[in-house]
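Everything below concerns the one structure shown next.
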Amino acid sequence: MPGISALAAPTDGVSLLPVSSPIRTLLEVRDLTVSYATRDSTRVAVEALSFEVRTGEVLGLEGRSGSGKTSIALAVLGLLPRGAAVRGEALFRGNDLLKLKETQLSEIRGREVSIIYQEPALALNPVMRVGDQIAEVLRAHSALNSEECRQQARLMLNQVQLGTERYYQAYPHELSGGETHRIVLAQALICRPALVIADEPTAGLDARLKNEVLDLIDRLRRETGAAFLLISHDHTVTGRLADRTLNLPSTNDRGNLSSGMCISSGTKLGLAPDSRTTLISVRNLSKCYKPRGLFRKKNAEKQALHSIDLSITRGSLTALVGPSGSGKSTLARCIALLEEADAGEILFEGTNLLGLPSQQLRAFRSRLQYVSQDPAAALNPRLSATEAISEPLVVRNGASRKDRRRAAELLMQQTGLDPSTAERSCHEFSGGQKQRLVIARALALEPSLLIFDESLSGLDSQTRDEMLDLLVNLRHRLGITQLLISHDLELVSKVADRILVMQDGRIVEQHNRAEIGYTSNIGRAEHLLHAQSKHAFAPAEAE
Amino acid sequence: MRKLAIFSLLAFRAISGIDSYASSAPAPERIQRGEELQVSSAEVGRYGGTLVVGQRAEPKTLNPVTATDGPSREVIGRMMADLVHINRVTQQTEPALASSWKLSTDGRSFTVKLRQGVRFSDGYPFSADDVVFSFRVYLDEKVHSPNRDLLTIGGKPISAVKIDDHTVRFDMSQPYAAAERIFDSVAILPQHLLLKSYEQGSFAQALTLNTAPDTIAGLGPFRLKQYLPGQRLVLERNPFYWKADRDGHRLPYLDEIAFLFVGNEDAQILRFQSGETSVISRFSPDNYPAMAREQQNRGYDLVDLGPSLEYNFLFFNLNELPPDKFQQISREQPWFRDLRFRQAISLAIDRRSIVKLAFGGRGVPIWGNVTPGNKLWINRELPHPERSIPQAKDLLRSAGFSWDEKGKLLDLERKPVEFTIITSSSNAQRVKMATLIADDLAQLGMSVHVVPLEFRAVMDRVFQSNDYDACVLGLGGGDADPNGDMNVWMSNGSTHLWNMHETKPATPWEAELDALLNRQLVTLEYKKRKRIYDEAQALIANNLPFIFLASPNVLVGATKQVANFRPAPLEPYVLWNADELYLRQQGVATAK
Amino acid sequence: MLMHRKIFAIAMAFAAVHCGILFAGFFAPYMPSAQHREHAYARPTKLHFVDAQGQVHIRPFVYPSVPVEGEGFQYREDPSSGYPIRFLSRKSDGIHLLAVDSQADLFLFGTDGYGRDIFSRLLFGGRISLLAAMVATLLSLLIGVAAGGIAGHFGGAVDAVIMRSSELVLALPWIYLLLAIRGSLPLHVEPTRTLILLSAVIGAMGWARPARLIRGVVLSARERPFVSAARGFGASEWYLLRRHVLPQTLGVITAQAVTLIPQFVAAEATLSFLGLGIGEPVPSWGNMLSAFQQFQTVSSYWWMAAPLVALVAVSLTYFVLADALHQAGARINSGQSYA
Amino acid sequence: MRILDYLKRRFLHAVLLLAAISVLTFGIAQLAPGTFLDEMRLNPQISAQTVDSLRVQYGLDQPLPVRYLRWIASAFAGEFGYSLAYNMPVSALLWTRMRNTFLLGTTAMLIAWSLALPLGIWGAFRPKGWIDRGNSAISTLLLSSPELALGMLFMLAAARFGVLPTGGMTSLYSEQTGFAVADVIRHLAIPATVLALVAAPMLLRHVRAAMLEAWNSPFVKAAKGHGIGNRRLLLHHALPAAANPLISLFGLSLAGLVSGSFLIEVIMGWPGLGPLFINAIFARDLHVVMAVVMLFSVLLVIANLISDVLLYAVDPRVRAEC
């Protein structure tokens with residue numbers, strides 16, 4: 001590793017502490033308490049937490065979402081937003097990071113303690129070449145000139161296996177999810193810090209990419225000798241890398257879920273499941289993306305769906321899996337009528353929805369409900385929970401205020417939300433709760449088909465399991481047909497009746513529940529998923 | 001930082017010190033033998049310097065034949081010369097390019113003797129050919145010169161005949177009073193430069209602002225040096241000018257005159273006060289107090305030349321209108337046509353307040369069309385009835401008007417008397433007059449609304465659509481002679497504002513007026529002519545087609561540097577004797 | 001809590017200004033068109049508390065002012081007799097908050113070139129000017145929001161047509177159209193009709209800029225996932241526009257509103273020049289401002305700047321109020337920026 | 001290649017727009033009462049016959065379509081019509097004045113942006129700091145004062161203190177004193193400042209809002225976490241990301257400043273298109289009005305185009321979307 005070793009430890013600048021001194025404990029956190037002031041009260045995110053990270057080790061911090069994991073990472077580096085109060089100590093090589101001035105902190109950040117953010121796609125500047133973004137970090141901490149910095153950045157890119165010049169020159173939006181992960185990893189490691197704080201370093205990645213990134217982290221840490229503070233909700237991640245793991249208590253108590261799942265027996269919301277009839281079938285569906293915008297590019301079309309044939313029986317739970325860019329999301333959005341397919345048919349209870357005038361189409365829309373990946377964005381922050389949930393009712397028939405309120409409370413109960421919070425504004429709910437709100441809203445119209453587009457991928461494992469239970473419940477109690485889109489084969493195989501595997505805009509495999517059998521065939525499908533190694537510039541899926 | 005600021009301040013100072021500049025104007029040519037120079041009676045001055053003048057608007061052309069706007073005429077007047085000139089102070093004619101003239105006994109032909117040895121500003125000799133050519137151009141219908149109307153007497157244009165190289169005879173179809181006055185400001189053109197474009201039919205496009213200085217020549221005291229669009233026009237001395245001072249120095253004294261185009265009167269005053277210009281020509285009276293306050297510190301003198309020739313008036317729409325199209329106006333016209341109604345209004349108007357509030361006291365109330373500024377022609381016998389509301393009410397009562405219990409004036413049909421006065425919104429003084437009148441007339445129980453309109457919208461209503469009740473306008477300023485206003489008073493005149501489309505006199509007194517005016521036109525003797533014109537003035541004042549309001553004083557100013565400064569109440573108020581003006585010190589004439 | 005107190009304070013100031021304007025007849029000592037020709041361009045009347053004998057009075061009093069011979073309009077106080085200010089005195093035209101006996105004058109902000117009381121004209125004029133400006137703002141924003149919203153939301157040909165017409169509107173020489181409108185009207189137009197007309201004209205001209213801004217916001221707003229989510233459960237495009245998209249433009253709309261109101265008040269001065277404004281002698285801030293635009297007025301009679309000061313002060317309260325409201329609203333709508 | 005395609009399409013749109021503007025302007029101008037010759041009518045020394053014959057000579061008696069076609073023909077011949085007031089082709093009047101207007105407009109824009117950018121950036125960097133509060137107070141004050149009043153104020157100050165000229169563009173003989181450039185700068189100072197002060201508050205608000213958004217974006221926070229200094233963070237990370245809306249604004253402000261400068265030009269006596277345009281409007285010198293309106297429309301189109309192209313150059317996301 002010539003590039004990295006050439007840099008050596010920070011000897012070129014003013015060091016706060018002699019590096020050579022054999023301190024076993026690198027970071028010691030004592031009684032760390034982080035609280036946020038809100039309008040009416042203060043919310044405690046982290047309470048009296050103590051731990052230590054030793055030189056060269058990987059410490060796993062495991063906890064559910066909302067347990068304040070990210071706050072810990074930010075607090076240590078003094079990056080908490082305004083209005084956050086921090087108490088306690090964070091001794092890094094004996095120096096309390098919490099008491100350092102901003103200028104001193106920025107000397108340490110990136111150079112001795114660096115951080116990998118949860119969502120790398122957001123952590124990269126959209127208008128700067130990624131290579132430069134790596135070089136920037138080095139530039140801030142070394143006396144090298146900009147050309148040398150760029151040279152080092154190239155070497156670093158090489159280390160994260162993105163060695164070609166094309167990667168250096170790329171902009172973040174041109175990279176795939178796994179690649180952006182590598183970029184932020186390179187950013188974090190280029191100054192050879194003593195400690196790397198990684199906040200959910202694999203969130204949002206499919207299994208294959210997750211493995212690759214974890215392998216890479218493992219390798220790099222051995223090469224550089226950096227200590228890692230690994231924060232994740234996923235015990236497989238911590239379990240795989242961490243030398244020690246610390247479980248965080250949940251500070252934010254969020255509703256009793258199993259009790260929320262009870263659905264009053266008297267309610268009749270949907271049809272009884274009928275496994276025989278076909279609810280929806282898709283024939284020869286094709287979709288091609290034409291580029292939009294001012295500077296129209298010729299011949300830049302992208303075939304997202306190639307003559308898809310598919311049928312979903314009433315009351316079933318179908319899973320659609322595939323790697324990023326395989327077109328599964330496009331298919332889902334086409335079925336949900338959010339995008340218009342170019343050719344083919346979508347037969348819903350025998351009616352072809354494609355080509356229907358929009359007036360008639362609207363009647364069908366309510367029966368096909370789509371739950372998107374990002375629940376936070378799918379809720380208008382101006383609306384209250386009641387308003388949001390009952391909105392479909394208003395759209396359909398302008399229900400009275402009282403009716404809406406009652407329906408909203410019922411739906412909130414069904415989806416495990418506390419009906420007493422119905423008047424709160426949507427943005428005051430947590431991530432998991434928002435997901436429930438979105439599902440509740442989708443249920444308001446008593447749909448025949450619910451489509452979940454990667455709706456579970458952002459959740460921690462416990463919440464996710466609860467949501468899966470909810471889906472199963474919805475299906476059994478209300479007979480709602482469901483289509484589940486995911487890249488996580490393992491996850492869907494727990495619940496799905498049928499699994500469809502997509503690749504390059506085609507459905508390449510189908511497995512019925514009986515076939516899946518939890519063992520043999522999954523391996524094959526998984527292999528298949530892994531085998532679809534996409535090349536570098538695969539455009540993002542949702543385009 | 002601070003150093004930089006100081007430095008830049010110093011640099012600014014350095015460049016603003018333009019006094020050190022020496023102009024590149026040509027020296028006056030030596031006086032040649034046989035050159036028949038006119039000798040100025042003004043104080044002997046010294047050569048050099050630039051006179052800076054602020055103009056409210058940019059001149060539009062340098063063509064004396066087609067120019068109609070004030071700024072253009074002000075500039076052209078300095079570059080060109082006429083045969084006979086009106087002295088702006090005495091308001092009498094004096095010799096110019098014509099050293100002498102003679103009217104034939106029948107009053108129909110006018111012989112002019114031209115000055116010998118005169119040269120154009122490019123050195124080319126001037127002769128009778130130029131005069132004949134000039135009049136050919138002015139009188140050519142295709143050239144559309146506005147001067148043509150002045151040079152048309154009794155429906156026929158005058159004709160110019162060359163007798164010899166220095167004599168020209170003008171023939172007229174009928175005797176014409178004050179014939180020599182029509183030659184004032186009729187610039188003599190250089191035939192050697194303009195013949196070609198005239199013969200090609202492109203005369204109107206000749207002598208535009210973009211004309212190169214060396215292709216333009218005149219007989220005036222100055223010639224074109226530079227024109228910067230939108231900024232300024234600079235004239236330099238004509239080294240061949242045909243006037244000299246008492247000591248035999250060829251005029252003009254000034255090296256240059258620079259006209260700066262400043263855009264509006266406010267800017268004109270600002271520039272004058274800050275010392276960027278040397279003279280200010282005619283500013284409005286409401287600016288006087290503030291200007292006078294600064295007189296001492298800033299080193300300039302203001303001159304109040306007394307009443308101008310401008311008369312402001314209110315008039316009513318007396319046009320014959322199709323009643324179905326103008327119902328409202330037709331209903332009002334019986335009032336307007338009633339002399340007693342107009343007299344009542346004239347009596348109710350507080351002219352002193354108008355003078356005080358619209359002109360800041362620098363003006364005079366008037367009751368006739370000739371202002372006290374016109375010393376030769378004013379009829380001083382005209383009555384000046386004082387304002388009297390009771391008398392006005394009596395008149396209205398006698399005309400059949402009455403008042404309701406709230407004091408509103410009702411007409412014969414017991415309908416309230418209500419009308420609007422339009423006026424040009426760009427003239428603040430006239431808006432003020434109209435507003436004051438509306439308030440005065442409210443005391444008679446009339447409900448009068450003032451509607452200021454954009455100038456050309458007013459013109460359109462008065463001249464074209466005739467869609468208005470009453471209007472406040474002002475006229476005058478050009479010539480002191482009665483002939484200048486003929487078109488206003490003659491019933492078939494083109495500026496017969498109150499009744500535009502008359503072909504023959506609509507009322508007996510108008511017929512009488514037509515006759516009087518026609519008589520004075522052919523009466524050659526001043527005293528007789530004055531008597532006739534006095535009668536005409538009295539006729540107008542008694543019949544009130546216009547209700548005369550006030551005349552503003554002519555106010556001008558110059559820095560103390562400017563000598564021989566003899567402003568006059570006639571246009572161009574300060575530059576008419578530009579050839580005699582000189583600066584007491586070298587350099588640009590600015591106040592320090 | 002602090003925020004609420006601030007909003008309250010601003011709202012009070014706002015209410016005070018508008019109250020004064022609304023009840024101009026009560027607060028103004030004179031009728032707005034009453035000319036005191038002997039006191040043209042009089043300085044603001046001084047209120048005295050101490051008389052010539054050095055005696056202190058609780059009730060303020062004024063001395064009559066007497067014209068001084070000399071250049072321009074100059075007056076001096078005649079201290080021989082003082083006249084106390086009467087509060088809530090009844091006159092022929094109703095009850096006035098402040099008044100003095102007719103031997104003296106009470107020109108709180110001085111008088112204009114006709115000797116009319118500027119303070120009274122300011123109050124009466126504010127009524128018509130602010131109303132016209134507000135109605136015009138409302139109108140141009142209404143058109144702007146509709147045009148910008150439709151253009152941004154529906155896109156395509158509609159967008160192109162609306163945006164090109166907004167460019168057209170920005171480029172056309174409106175003065176000619178205004179002159180034509182003036183030409184087609186009866187000469188005397190009642191102030192109320194002028195008001196409607198003014199608002200309509202200004203509103204019709206002023207929509208292009210807000211429309212362009214709103215279109216920009218709508219373009220990004222309609223891409224937000226909750227909009228497509230609502231589309232997913234069958235909401236009509238109009239519903240989406242009304243319920244989800246347009247509310248996001250509120251920030252831009254309030255910001256535009258407060259900038260447009262002072263602009264429109266000033267625009268009336270231009271319209272007066274074309275004969276479309278509020279005609280004399282009815283006061284409006286616009287026609288009062290146009291008197292102030294003469295250089296000599298500015299330099300000699302500084303009190304004629306009263307309408308300008310009033311306009312700036314009122315716009316300031318609008319601005320601050322809008323900002324405060326916006327900040328309060330920003331909490332609910334966190335993460336949204338506005339122009 | 002695709003930029004060429006794009007330009008072709010934009011050009012077509014622009015031509016259509018300009019055609020529409022020219023027709024409408026020509027039509028609207030006819031609606032205004034009065035003609036160029038009206039001022040002559042009031043002169044008692046000019047007869048009605050002369051005015052009428054001039055009317056014929058200028059072709060004002062022709063039907064509207066004929067006059068429009070004549071103007072179009074003249075525009076394509078490069079003359080842009082004939083000015084009745086100046087008795088010469090309009091093109092001869094336009095160019096120097098246009099240059100002067102551009103000089104004023106661009107200077108003002110430079111000043112406005114160089115005020116708005118640093119102050120807006122600083123305001124976003126330290127929101128609610130004293131600079132930010134000061135900015136917001138001053139910009140609010142400026143936004144609520146009519147530009148005319150602002151212009152008057154500066155003119156009065158100039159007249160009082162005498163350091164700067166009260167109008168015009170050059171001093172007499174400036175070309176001979178060797179300080180021609182400095183002289184123009186001296187004359188530019190007041191009008192450009194006034195114009196900049198009128199435009200800057202709105203720009204400032206936009207810059208601040210855009211920067212605030214960029215500054216609070218996750219990637220800037222991430223970069224902060226990498227220990228990149230505030231200065232570099234602000235200028236190299238946040239600013240380019242905030243550029244997108246600012247570039248659109250730049251285009252609008254370019255067109256806005258040039259049109260906004262008309263009024264200031266008239267007040268300050270700047271020899272630009274403003275005084276020419278205003279005078280031509282009131283003199284009904286139609287072809288001059290037409291030419292200036294078309295010039296302004298072309299500028300509007302070009303400004304929009306420039307900002308689009310800039311957007312393309314600066315923002316890789318836009319490039320990708322295309």
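Residue numbering restarts at 1 for every chain of the structure tokens, chains are lettered A, B, ... in their displayed order, and ligands are numbered from 1 as they appear.
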Report as a tab-separated table the residues of chain A within 9 Å of chain C, each with its shortest atom pair and distance in Å (one decimal), using only C-alpha atoms, ordered by chain and increasing residue number.
```
residue	atom	partner	partner_atom	distance
A:Ala336	CA	C:Gly232	CA	7.1
A:Leu337	CA	C:Gly232	CA	7.3
A:Leu338	CA	C:Gly232	CA	6.4
A:Gln359	CA	C:Ser236	CA	8.7
A:Leu361	CA	C:Gly234	CA	8.2
A:Arg362	CA	C:Gly234	CA	4.8
A:Ala363	CA	C:Gly234	CA	6.9
A:Phe364	CA	C:Gly234	CA	7.8
A:Arg365	CA	C:Gly234	CA	5.1
A:Ser366	CA	C:Phe233	CA	4.7
A:Arg367	CA	C:Phe233	CA	7.9
A:Leu368	CA	C:Phe233	CA	7.6
A:Gln369	CA	C:Phe233	CA	6.5
A:Tyr370	CA	C:Gly232	CA	6.8
A:Val371	CA	C:Ala229	CA	7.9
A:Ser372	CA	C:Ala229	CA	8.0
A:Asp374	CA	C:Pro225	CA	8.3
A:Pro375	CA	C:Phe226	CA	8.6
A:Ala376	CA	C:Phe226	CA	8.6
A:Ala377	CA	C:Pro225	CA	5.5
A:Ala378	CA	C:Phe226	CA	3.7
A:Leu379	CA	C:Phe226	CA	5.0
A:Asn380	CA	C:Phe226	CA	5.8
A:Pro381	CA	C:Asn333	CA	6.0
A:Arg382	CA	C:Asn333	CA	5.9
A:Glu391	CA	C:Ala230	CA	8.0
A:Pro392	CA	C:Phe233	CA	6.0
A:Val395	CA	C:Ala235	CA	5.6
A:Arg396	CA	C:Gly234	CA	7.5
A:Ser425	CA	C:Ile332	CA	7.9
A:His427	CA	C:Ile332	CA	8.1
A:Ala442	CA	C:Phe233	CA	7.6
A:Leu445	CA	C:Phe233	CA	7.8
```
Chain D near chain A within 10 Å: what's each residue's closest atom pair and its distance in Å to one decimal, counting only C-alpha atoms, ordered by chain then ascending residue number, as a Markdown table?
```
| residue | atom | partner | partner_atom | distance |
| --- | --- | --- | --- | --- |
| D:Met1 | CA | A:Lys297 | CA | 8.8 |
| D:Arg2 | CA | A:Lys297 | CA | 5.9 |
| D:Ile3 | CA | A:Phe295 | CA | 6.1 |
| D:Leu4 | CA | A:Phe295 | CA | 9.0 |
| D:Asp5 | CA | A:Phe295 | CA | 8.0 |
| D:Tyr6 | CA | A:Phe295 | CA | 5.8 |
| D:Leu7 | CA | A:Phe295 | CA | 9.0 |
| D:Arg9 | CA | A:Leu294 | CA | 9.7 |
| D:Arg10 | CA | A:Leu294 | CA | 9.6 |
| D:Ala214 | CA | A:Asn125 | CA | 9.7 |
| D:Asn216 | CA | A:Pro81 | CA | 9.5 |
| D:Ser217 | CA | A:Leu122 | CA | 8.2 |
| D:Pro218 | CA | A:Ala123 | CA | 5.4 |
| D:Phe219 | CA | A:Ala123 | CA | 3.8 |
| D:Val220 | CA | A:Asn125 | CA | 7.2 |
| D:Lys221 | CA | A:Ala123 | CA | 7.6 |
| D:Ala222 | CA | A:Ala123 | CA | 5.4 |
| D:Ala223 | CA | A:Ala123 | CA | 7.6 |
| D:Lys224 | CA | A:Ser106 | CA | 7.5 |
| D:Gly225 | CA | A:Arg109 | CA | 5.8 |
| D:His226 | CA | A:Gly110 | CA | 3.9 |
| D:Gly227 | CA | A:Ser106 | CA | 4.2 |
| D:Ile228 | CA | A:Ala140 | CA | 5.3 |
| D:Gly229 | CA | A:Ser106 | CA | 6.7 |
| D:Asn230 | CA | A:Ser106 | CA | 9.0 |
| D:Arg232 | CA | A:Ala140 | CA | 8.7 |
| D:Leu233 | CA | A:Glu136 | CA | 9.8 |
| D:His236 | CA | A:Met128 | CA | 9.1 |
| D:His237 | CA | A:Asn125 | CA | 7.0 |
| D:Ala238 | CA | A:Asn125 | CA | 8.5 |
| D:Pro240 | CA | A:Val127 | CA | 6.8 |
| D:Ala241 | CA | A:Val127 | CA | 6.0 |
| D:Ala242 | CA | A:Val127 | CA | 9.6 |
| D:Ala243 | CA | A:Val127 | CA | 9.6 |
| D:Asn244 | CA | A:Val127 | CA | 9.9 |
| D:Asp308 | CA | A:Leu294 | CA | 8.5 |
| D:Val309 | CA | A:Phe295 | CA | 9.4 |
| D:Tyr312 | CA | A:Phe295 | CA | 8.3 |
| D:Val314 | CA | A:Val127 | CA | 7.7 |
| D:Asp315 | CA | A:Val127 | CA | 5.9 |
| D:Pro316 | CA | A:Val127 | CA | 5.9 |
| D:Arg317 | CA | A:His173 | CA | 7.2 |
| D:Val318 | CA | A:Gly293 | CA | 8.1 |
| D:Arg319 | CA | A:Phe295 | CA | 7.4 |
| D:Ala320 | CA | A:Glu174 | CA | 8.3 |
| D:Glu321 | CA | A:Gly293 | CA | 6.1 |
| D:Cys322 | CA | A:Phe295 | CA | 4.6 |
```
Could those selected residues go to a file with C-alpha atoms, as a PDB file, in the first residue's frame?
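Saved as part-v8.pdb:
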```pdb
ATOM      1  CA  MET D   1     -24.478  17.975 -31.001  1.00  0.00           C
ATOM      2  CA  ARG D   2     -27.356  17.989 -28.563  1.00  0.00           C
ATOM      3  CA  ILE D   3     -26.560  21.471 -27.478  1.00  0.00           C
ATOM      4  CA  LEU D   4     -26.879  22.485 -31.103  1.00  0.00           C
ATOM      5  CA  ASP D   5     -30.254  20.809 -31.346  1.00  0.00           C
ATOM      6  CA  TYR D   6     -31.309  22.548 -28.240  1.00  0.00           C
ATOM      7  CA  LEU D   7     -30.152  25.901 -29.498  1.00  0.00           C
ATOM      8  CA  ARG D   9     -35.242  24.712 -30.822  1.00  0.00           C
ATOM      9  CA  ARG D  10     -34.724  27.687 -28.574  1.00  0.00           C
ATOM     10  CA  ALA D 214     -26.837  24.013   0.751  1.00  0.00           C
ATOM     11  CA  ASN D 216     -27.689  22.497   5.859  1.00  0.00           C
ATOM     12  CA  SER D 217     -27.487  19.722   3.307  1.00  0.00           C
ATOM     13  CA  PRO D 218     -26.133  16.370   4.440  1.00  0.00           C
ATOM     14  CA  PHE D 219     -23.126  16.462   2.147  1.00  0.00           C
ATOM     15  CA  VAL D 220     -21.862  19.707   3.584  1.00  0.00           C
ATOM     16  CA  LYS D 221     -22.336  18.296   7.054  1.00  0.00           C
ATOM     17  CA  ALA D 222     -20.470  15.221   5.936  1.00  0.00           C
ATOM     18  CA  ALA D 223     -17.632  17.299   4.579  1.00  0.00           C
ATOM     19  CA  LYS D 224     -17.535  19.106   7.878  1.00  0.00           C
ATOM     20  CA  GLY D 225     -17.182  15.721   9.500  1.00  0.00           C
ATOM     21  CA  HIS D 226     -14.101  15.175   7.392  1.00  0.00           C
ATOM     22  CA  GLY D 227     -12.518  18.160   8.981  1.00  0.00           C
ATOM     23  CA  ILE D 228     -12.696  20.527   6.025  1.00  0.00           C
ATOM     24  CA  GLY D 229     -12.391  24.124   7.154  1.00  0.00           C
ATOM     25  CA  ASN D 230     -15.366  26.444   7.154  1.00  0.00           C
ATOM     26  CA  ARG D 232     -13.342  26.012   2.046  1.00  0.00           C
ATOM     27  CA  LEU D 233     -16.574  24.341   2.980  1.00  0.00           C
ATOM     28  CA  HIS D 236     -15.887  25.104  -2.517  1.00  0.00           C
ATOM     29  CA  HIS D 237     -18.623  22.835  -1.276  1.00  0.00           C
ATOM     30  CA  ALA D 238     -21.759  24.767  -0.405  1.00  0.00           C
ATOM     31  CA  PRO D 240     -21.298  25.359  -6.104  1.00  0.00           C
ATOM     32  CA  ALA D 241     -24.186  23.304  -4.805  1.00  0.00           C
ATOM     33  CA  ALA D 242     -26.253  26.434  -4.252  1.00  0.00           C
ATOM     34  CA  ALA D 243     -25.394  27.783  -7.694  1.00  0.00           C
ATOM     35  CA  ASN D 244     -28.334  26.184  -9.445  1.00  0.00           C
ATOM     36  CA  ASP D 308     -29.731  27.733 -19.147  1.00  0.00           C
ATOM     37  CA  VAL D 309     -26.361  27.163 -20.736  1.00  0.00           C
ATOM     38  CA  TYR D 312     -25.784  23.074 -18.003  1.00  0.00           C
ATOM     39  CA  VAL D 314     -22.206  24.148 -13.803  1.00  0.00           C
ATOM     40  CA  ASP D 315     -24.550  21.438 -12.672  1.00  0.00           C
ATOM     41  CA  PRO D 316     -23.625  17.872 -13.669  1.00  0.00           C
ATOM     42  CA  ARG D 317     -27.081  16.733 -12.580  1.00  0.00           C
ATOM     43  CA  VAL D 318     -28.681  18.895 -15.226  1.00  0.00           C
ATOM     44  CA  ARG D 319     -26.285  17.500 -17.773  1.00  0.00           C
ATOM     45  CA  ALA D 320     -27.205  13.978 -16.759  1.00  0.00           C
ATOM     46  CA  GLU D 321     -30.903  14.670 -16.865  1.00  0.00           C
ATOM     47  CA  CYS D 322     -30.618  15.796 -20.393  1.00  0.00           C
TER      48      CYS D 322
END
```
Practice problem: Any chance you could list, as a ChimeraX atom specification, the residues in region 213-392 of chain B that come up alpha helix (DSSP H) when DSSP is run on the backbone? | Solution: /B:265-273,288-293,295-298,327-337,339-348,351-353,389-392
Could you please take those selected residues and save C-alpha atoms as a short mmCIF file (atom, residue, chain, number, x, y, z; two decimals), in the first residue's frame?
```cif
data_model
loop_
_atom_site.label_atom_id
_atom_site.label_comp_id
_atom_site.auth_asym_id
_atom_site.auth_seq_id
_atom_site.Cartn_x
_atom_site.Cartn_y
_atom_site.Cartn_z
CA GLU B 265 -35.48 70.60 -15.41
CA ASP B 266 -34.51 69.12 -12.07
CA ALA B 267 -31.28 67.83 -13.52
CA GLN B 268 -30.74 71.12 -15.30
CA ILE B 269 -30.95 72.95 -11.99
CA LEU B 270 -28.77 70.45 -10.19
CA ARG B 271 -26.08 70.75 -12.81
CA PHE B 272 -26.25 74.50 -12.71
CA GLN B 273 -26.11 74.62 -8.95
CA TYR B 288 -36.86 80.09 -7.87
CA PRO B 289 -36.82 80.29 -4.05
CA ALA B 290 -34.47 77.36 -3.64
CA MET B 291 -32.22 78.62 -6.41
CA ALA B 292 -32.15 82.09 -4.92
CA ARG B 293 -31.13 80.72 -1.51
CA GLN B 295 -27.11 82.34 -5.07
CA GLN B 296 -24.43 83.67 -2.77
CA ASN B 297 -22.59 80.43 -1.91
CA ARG B 298 -22.55 79.12 -5.42
CA GLN B 327 -74.52 63.48 -25.28
CA GLN B 328 -72.84 64.66 -22.14
CA ILE B 329 -70.89 67.44 -23.80
CA SER B 330 -73.83 68.53 -25.89
CA ARG B 331 -75.84 68.93 -22.70
CA GLU B 332 -73.11 71.12 -21.24
CA GLN B 333 -72.42 73.21 -24.31
CA PRO B 334 -75.35 75.61 -23.82
CA TRP B 335 -73.68 76.72 -20.60
CA PHE B 336 -70.30 77.03 -22.23
CA ARG B 337 -71.73 79.04 -25.11
CA LEU B 339 -71.07 84.43 -22.33
CA ARG B 340 -72.45 85.14 -18.86
CA PHE B 341 -71.42 81.68 -17.77
CA ARG B 342 -67.87 82.25 -19.01
CA GLN B 343 -67.79 85.69 -17.46
CA ALA B 344 -68.96 84.27 -14.16
CA ILE B 345 -66.18 81.73 -14.26
CA SER B 346 -63.63 84.37 -15.12
CA LEU B 347 -64.86 86.41 -12.16
CA ALA B 348 -64.71 83.46 -9.80
CA ARG B 351 -55.80 84.67 -10.44
CA ARG B 352 -53.67 86.02 -7.62
CA SER B 353 -53.67 82.64 -5.96
CA ILE B 389 -68.06 85.55 -6.16
CA PRO B 390 -71.25 87.60 -5.61
CA GLN B 391 -70.94 89.22 -9.04
CA ALA B 392 -70.30 85.86 -10.59
#
```
